[in-house]
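Coordinates as given in run19.csv (CSV, C-alpha atoms):
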```csv
chain,number,residue,atom,x,y,z
G,430,MET,CA,64.3,58.2,170.9
G,431,ALA,CA,65.0,61.0,168.5
G,432,PRO,CA,62.6,61.5,165.6
G,433,GLY,CA,63.6,59.6,162.5
G,434,THR,CA,65.7,57.0,164.4
G,435,THR,CA,65.1,53.3,164.8
G,436,ASP,CA,65.7,51.1,167.7
G,437,THR,CA,68.4,49.0,166.0
G,438,PRO,CA,70.7,47.2,168.4
G,439,ALA,CA,74.4,47.9,168.0
G,440,THR,CA,76.5,45.2,166.4
G,441,PRO,CA,78.6,43.5,169.1
G,442,ALA,CA,82.3,43.7,168.8
G,443,PRO,CA,84.0,40.5,167.7
G,444,THR,CA,85.1,38.3,170.6
G,445,ALA,CA,88.1,36.0,170.7
G,446,SER,CA,85.9,33.0,170.0
G,447,ASP,CA,84.6,34.8,166.9
G,448,ARG,CA,88.1,35.2,165.6
G,449,THR,CA,89.2,31.6,166.5
G,450,PRO,CA,86.0,29.6,166.3
G,451,LEU,CA,87.9,26.3,166.2
G,452,ALA,CA,90.0,26.9,169.2
G,453,GLY,CA,90.6,23.7,171.2
G,454,THR,CA,89.8,21.4,168.2
G,455,VAL,CA,92.0,19.2,166.0
G,456,ALA,CA,91.8,18.9,162.2
G,457,LEU,CA,93.4,16.3,160.0
G,458,VAL,CA,94.0,17.6,156.4
G,459,THR,CA,95.1,15.2,153.6
G,460,GLY,CA,97.0,16.3,150.5
G,461,ALA,CA,98.4,19.1,152.7
G,462,SER,CA,101.8,19.5,151.0
G,463,SER,CA,100.5,21.8,148.4
G,464,GLY,CA,97.4,23.4,146.7
G,465,ILE,CA,94.0,23.2,148.3
G,466,GLY,CA,95.2,21.0,151.2
G,467,ALA,CA,98.0,23.5,152.2
G,468,ALA,CA,95.7,26.5,151.8
G,469,THR,CA,93.1,24.7,154.0
G,470,ALA,CA,95.7,24.1,156.6
G,471,TRP,CA,96.4,27.8,156.8
G,472,ALA,CA,92.7,28.7,156.9
G,473,LEU,CA,92.0,26.2,159.7
G,474,ALA,CA,95.1,27.3,161.7
G,475,ARG,CA,93.9,30.9,161.6
G,476,ALA,CA,90.5,29.7,163.0
G,477,GLY,CA,92.3,28.2,166.0
G,478,CYS,CA,92.8,24.5,165.0
G,479,ALA,CA,95.6,22.2,165.9
G,480,LEU,CA,96.6,20.5,162.7
G,481,ALA,CA,97.7,17.0,161.6
G,482,LEU,CA,99.0,17.4,158.1
G,483,VAL,CA,99.2,14.3,155.8
G,484,ALA,CA,100.8,13.9,152.4
G,485,ARG,CA,103.5,11.9,150.7
G,486,ARG,CA,106.2,14.7,150.5
G,487,ALA,CA,107.9,14.9,153.8
G,488,ASP,CA,110.0,17.9,153.0
G,489,ARG,CA,107.0,20.0,152.0
G,490,LEU,CA,105.1,18.9,155.2
G,491,ARG,CA,108.0,19.8,157.4
G,492,ASP,CA,108.2,23.3,155.9
G,493,LEU,CA,104.5,23.9,156.2
G,494,THR,CA,104.4,22.6,159.7
G,495,ALA,CA,107.2,25.0,160.7
G,496,ALA,CA,105.6,27.9,159.0
G,497,LEU,CA,102.2,27.3,160.6
G,498,THR,CA,103.7,26.9,164.0
G,499,GLU,CA,105.7,30.1,163.7
G,500,GLN,CA,103.1,32.3,161.9
G,501,ALA,CA,99.7,31.0,163.0
G,502,GLY,CA,100.8,30.1,166.5
G,503,GLY,CA,99.0,26.8,166.9
G,504,PRO,CA,100.4,23.3,167.1
G,505,ALA,CA,100.9,21.3,163.9
G,506,ALA,CA,102.3,17.8,163.2
G,507,ALA,CA,103.3,16.3,159.9
G,508,PHE,CA,102.6,12.6,159.1
G,509,THR,CA,104.0,11.3,155.8
G,510,ALA,CA,101.7,8.8,154.1
G,511,ASP,CA,100.7,7.5,150.7
G,512,LEU,CA,96.9,7.2,151.1
G,513,GLY,CA,96.7,4.9,148.1
G,514,ASP,CA,98.1,2.2,150.4
G,515,PRO,CA,95.1,0.5,152.1
G,516,ASP,CA,96.6,0.6,155.6
G,517,GLN,CA,98.0,4.1,155.7
G,518,PRO,CA,94.7,6.1,156.1
G,519,ARG,CA,94.0,4.2,159.3
G,520,GLN,CA,97.6,4.8,160.5
G,521,ALA,CA,97.3,8.5,159.8
G,522,VAL,CA,94.2,8.8,161.9
G,523,ALA,CA,95.7,6.8,164.7
G,524,ARG,CA,98.9,8.9,164.7
G,525,THR,CA,96.8,12.1,164.8
G,526,VAL,CA,94.7,10.9,167.8
G,527,GLU,CA,97.8,9.6,169.6
G,528,ARG,CA,99.5,13.0,169.1
G,529,PHE,CA,96.6,15.3,169.9
G,530,GLY,CA,94.2,13.1,171.9
G,531,ARG,CA,91.2,13.9,169.7
G,532,LEU,CA,89.9,14.6,166.2
G,533,ASP,CA,87.2,17.1,165.4
G,534,VAL,CA,87.6,17.8,161.7
G,535,LEU,CA,88.7,15.7,158.8
G,536,VAL,CA,89.3,17.3,155.4
G,537,ASN,CA,89.9,14.8,152.6
G,538,SER,CA,91.8,16.9,150.1
G,539,ALA,CA,94.3,14.4,148.6
G,540,GLY,CA,93.6,13.5,145.0
G,541,TYR,CA,95.0,12.7,141.5
G,542,ALA,CA,93.9,13.6,138.0
G,543,ALA,CA,94.9,12.3,134.6
G,544,ARG,CA,93.1,13.3,131.4
G,545,GLY,CA,92.8,11.2,128.3
G,546,ALA,CA,90.5,9.4,126.0
G,547,VAL,CA,89.5,6.0,127.2
G,548,ASP,CA,91.0,4.2,124.2
G,549,GLU,CA,94.3,6.0,124.7
G,550,ALA,CA,94.5,6.0,128.5
G,551,ASP,CA,96.9,4.2,130.8
G,552,PRO,CA,94.9,2.0,133.1
G,553,ALA,CA,97.5,2.6,135.8
G,554,ASP,CA,96.3,6.2,135.9
G,555,TRP,CA,92.8,4.9,136.4
G,556,ASP,CA,93.9,2.8,139.4
G,557,ARG,CA,95.7,5.8,140.9
G,558,MET,CA,92.6,8.0,140.6
G,559,ILE,CA,90.4,5.4,142.1
G,560,ASP,CA,92.8,4.7,144.9
G,561,LEU,CA,93.3,8.4,145.9
G,562,ASN,CA,90.1,10.1,144.9
G,563,LEU,CA,87.7,7.4,146.1
G,564,LYS,CA,89.2,4.6,148.2
G,565,ALA,CA,91.3,6.9,150.3
G,566,VAL,CA,88.2,9.0,151.1
G,567,LEU,CA,86.3,5.8,152.1
G,568,ARG,CA,89.2,4.6,154.3
G,569,MET,CA,90.0,7.9,155.9
G,570,SER,CA,86.3,8.5,156.6
G,571,HIS,CA,85.9,5.0,158.1
G,572,ALA,CA,89.0,5.4,160.3
G,573,ALA,CA,88.0,8.9,161.5
G,574,LEU,CA,84.3,8.4,162.2
G,575,PRO,CA,84.6,6.9,165.7
G,576,HIS,CA,86.7,9.9,166.8
G,577,LEU,CA,84.4,12.4,165.1
G,578,LEU,CA,81.4,10.9,166.7
G,579,ARG,CA,83.1,11.1,170.1
G,580,ALA,CA,84.0,14.8,169.5
G,581,ALA,CA,80.5,15.6,168.5
G,582,ARG,CA,79.2,13.8,171.7
G,583,THR,CA,81.7,15.2,174.2
G,584,GLY,CA,83.4,18.2,172.6
G,585,PRO,CA,82.6,21.9,173.4
G,586,ARG,CA,81.2,22.6,169.9
G,587,GLY,CA,78.6,19.8,170.1
G,588,VAL,CA,79.4,18.9,166.5
G,589,ALA,CA,82.2,17.5,164.3
G,590,ASP,CA,83.0,17.8,160.6
G,591,LEU,CA,83.9,15.5,157.7
G,592,VAL,CA,84.6,17.5,154.5
G,593,THR,CA,85.7,16.0,151.2
G,594,VAL,CA,87.1,18.1,148.3
G,595,SER,CA,85.3,16.8,145.2
G,596,SER,CA,85.0,18.6,141.8
G,597,VAL,CA,82.5,20.1,139.4
G,598,ALA,CA,83.6,17.2,137.3
G,599,GLY,CA,81.5,14.9,139.6
G,600,ARG,CA,78.4,16.7,138.3
G,601,VAL,CA,79.4,17.6,134.8
G,602,PRO,CA,81.3,14.8,133.0
G,603,ARG,CA,83.3,15.8,129.9
G,604,LYS,CA,85.1,13.8,127.3
G,605,ASN,CA,88.7,12.8,128.1
G,606,ASN,CA,87.9,13.1,131.8
G,607,GLY,CA,85.6,10.1,132.3
G,608,VAL,CA,87.4,8.2,135.1
G,609,TYR,CA,88.2,11.3,137.1
G,610,SER,CA,84.6,12.4,136.8
G,611,ALA,CA,83.5,8.9,137.9
G,612,THR,CA,85.5,9.0,141.1
G,613,LYS,CA,84.2,12.4,142.0
G,614,HIS,CA,80.6,11.4,141.3
G,615,ALA,CA,81.1,8.4,143.5
G,616,VAL,CA,82.5,10.6,146.3
G,617,GLY,CA,79.4,12.8,146.1
G,618,THR,CA,77.0,9.9,146.4
G,619,PHE,CA,79.0,8.4,149.3
G,620,SER,CA,79.0,11.7,151.1
G,621,GLU,CA,75.3,12.1,150.9
G,622,ALA,CA,74.6,8.5,152.1
G,623,LEU,CA,77.1,9.0,155.0
G,624,ARG,CA,75.5,12.3,155.9
G,625,GLN,CA,72.2,10.6,156.4
G,626,GLU,CA,73.8,8.0,158.6
G,627,VAL,CA,75.6,10.3,161.0
G,628,THR,CA,74.0,13.8,160.9
G,629,GLY,CA,71.6,12.8,163.8
G,630,ARG,CA,74.7,12.1,165.9
G,631,GLY,CA,76.3,15.5,165.3
G,632,VAL,CA,78.7,14.8,162.5
G,633,ARG,CA,78.3,17.1,159.6
G,634,VAL,CA,79.3,15.7,156.2
G,635,GLY,CA,80.2,18.3,153.6
G,636,LEU,CA,81.2,18.2,150.0
G,637,VAL,CA,83.1,21.1,148.4
G,638,GLU,CA,83.2,21.0,144.6
G,639,PRO,CA,85.7,23.4,142.9
G,640,GLY,CA,85.6,24.3,139.3
G,641,LEU,CA,88.9,25.1,137.4
G,642,THR,CA,91.5,25.8,140.1
G,643,VAL,CA,95.2,26.7,139.7
G,644,THR,CA,97.1,24.0,141.6
G,645,GLU,CA,100.1,21.7,141.0
G,646,MET,CA,97.6,19.0,139.8
G,647,THR,CA,96.3,21.3,137.1
G,648,ALA,CA,99.7,22.7,136.0
G,649,GLY,CA,101.5,21.9,132.8
G,650,GLY,CA,98.4,21.2,130.8
G,651,ARG,CA,97.2,18.1,132.7
G,652,ILE,CA,93.9,19.8,133.2
G,653,THR,CA,92.6,22.2,130.5
G,654,SER,CA,89.5,24.3,130.1
G,655,SER,CA,87.2,22.8,127.4
G,656,ASP,CA,85.9,26.3,126.6
G,657,GLY,CA,89.4,27.9,126.4
G,658,MET,CA,89.0,29.9,129.6
G,659,PRO,CA,92.4,31.5,130.4
G,660,GLU,CA,94.2,30.2,133.5
G,661,ASP,CA,94.3,33.7,135.0
G,662,ALA,CA,90.5,33.5,135.3
G,663,TRP,CA,90.7,30.2,137.3
G,664,LEU,CA,90.2,29.9,141.0
G,665,HIS,CA,93.1,29.9,143.5
G,666,ALA,CA,93.5,27.3,146.2
G,667,GLU,CA,92.8,29.9,148.8
G,668,ASP,CA,89.3,30.4,147.4
G,669,ILE,CA,88.5,26.8,148.1
G,670,ALA,CA,90.1,26.9,151.5
G,671,ARG,CA,87.9,29.8,152.5
G,672,SER,CA,84.8,27.7,151.5
G,673,ILE,CA,86.0,24.8,153.6
G,674,ALA,CA,86.6,27.1,156.6
G,675,PHE,CA,83.2,28.6,156.2
G,676,MET,CA,81.6,25.2,156.1
G,677,VAL,CA,83.2,23.9,159.3
G,678,THR,CA,82.9,27.1,161.4
G,679,GLN,CA,79.1,27.3,161.2
G,680,PRO,CA,77.1,27.0,164.5
G,681,ALA,CA,76.2,23.5,165.5
G,682,ARG,CA,72.7,23.9,164.3
G,683,VAL,CA,73.8,24.7,160.7
G,684,ALA,CA,75.0,22.1,158.2
G,685,LEU,CA,76.3,23.2,154.9
G,686,ASN,CA,76.4,19.9,153.0
G,687,GLU,CA,77.5,21.1,149.6
G,688,ILE,CA,79.3,24.1,148.2
G,689,MET,CA,80.1,24.4,144.5
G,690,VAL,CA,82.7,27.0,143.7
G,691,ARG,CA,83.2,27.9,140.1
G,692,PRO,CA,85.3,30.7,138.5
G,693,THR,CA,83.0,33.5,137.4
G,694,ALA,CA,84.0,32.9,133.8
G,695,GLN,CA,83.3,29.1,133.9
G,696,GLU,CA,80.1,28.2,132.1
G,697,ARG,CA,80.0,24.4,132.7
```
In structure tokens, write the structure found in this file.
Amino acid sequence: MAPGTTDTPATPAPTASDRTPLAGTVALVTGASSGIGAATAWALARAGCALALVARRADRLRDLTAALTEQAGGPAAAFTADLGDPDQPRQAVARTVERFGRLDVLVNSAGYAARGAVDEADPADWDRMIDLNLKAVLRMSHAALPHLLRAARTGPRGVADLVTVSSVAGRVPRKNNGVYSATKHAVGTFSEALRQEVTGRGVRVGLVEPGLTVTEMTAGGRITSSDGMPEDAWLHAEDIARSIAFMVTQPARVALNEIMVRPTAQER
């Protein structure tokens, strides 16, 4: 060895499995017609996943499915569903497994937000938030678990993933946002309890908690920054998708159970 050098091993060149760590797996993404769900579909497709895309808007799903198939090269299928309906989460999972034969990753991204003071709110908005932000997560998780447990037991990765997109609002409640925050807080406690139940059987349960993010759900003033942070400083959907992809592509021995992602300028 020449003087002044160290015996540092060379960094190995990336392999095909490094570039597509989810090759041979199937992911189901809810809320996939726009925003974080659509961005997550792209991120997982680039990682090698076959994709089942679930949302209410059939035209959006068809366009996304066609684009993913053409540009990312992997198989994708669109399943139109309103996950606020008690039966449709189970049906979405069943159609996914029927189409692809397995399920390795579930991403609960569908959601709904409506701001307003309690005494001025429309209780119908509360019902919609509870149905989509909480009940749909419970039902999707319940329907998917047998397949995720099977994938962890028999699949090549030795692990499966269940990820729910929550919100910083689940940790930091603010006025005029009480019911939305309540649903996201409930999702967090459910996820931790479920993690304890299934982590020993190879299913990783993760929670991704975005701060202020530019999506259709936040457009038009439906969600505003309490500290006046300009929208051009908010996160983009792709920022959250990268966090989800990072979570589910860890080695089987690594479980990232929570990732909170705030804009740099967001204080609370």
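Atom to atom, atom CA of G:Phe508 and atom CA of G:Arg485 stand 8.5 Å apart.
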- For each of G:Met658, G:Ala674, G:Ala553, G:Val522, take the minimum atom-to-atom distance to G:Ala470, counting all atoms listed in the file, then give the residue where this is smallest.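 Result for the nearest residue to G:Ala470: G:Ala674.
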- Message: Can you tell me which residues surround G:Val594 at a distance of at most 12 Å, considering only C-alpha atoms, apart from same-chain residues fewer than 2 positions away, and format the answer as a ChimeraX atom specification?
- Response: /G:458-460,464-466,469,535-541,561-563,566,591-592,596-599,612-614,616-617,620,634-640,666,669-670,672-673,676,686-690
- Any idea what the distance is between atom CA of G:Asp514 and atom CA of G:Leu480?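 One can read the atom CA of G:Asp514 to atom CA of G:Leu480 distance as 22.1 Å.
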- Please determine the residues with any atom at most 9 Å from (100.2, 31.8, 161.8) (coordinates as given in the file, with only C-alpha atoms counting) and report them as a list of chain:residue names.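 Returned residue set, sorted by chain then number, is G:Trp471, G:Ala474, G:Arg475, G:Ala496, G:Leu497, G:Thr498, G:Glu499, G:Gln500, G:Ala501, G:Gly502, G:Gly503.
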- Message: Please list as a list in words every residue within 7 Å of G:Ala479, counting only C-alpha atoms and excluding residues in the same chain fewer than 2 positions away.
- Response: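 Near neighbours after the sequence-gap exclusion: Thr454, Val455, Ala456, Ala474, Gly477, Gly503, Pro504 and Ala505 of chain G.
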- Separation of atom CA of G:Tyr609 from atom CA of G:Thr525, in Å and rounded to one decimal: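 According to the coordinates, atom CA of G:Tyr609 and atom CA of G:Thr525 are separated by 29.0 Å.
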- Using all atoms listed in the file, pick whichever of G:Ala472, G:Leu457, G:Asp551, G:Val627 has the shortest atom-to-atom distance to G:Ala507.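 The closest residue to G:Ala507 is G:Leu457.
Residue nearest G:Ala487, chosen from G:Glu645, G:Asp511, G:Asp668, G:Asp590 and counting only C-alpha atoms: G:Asp511.
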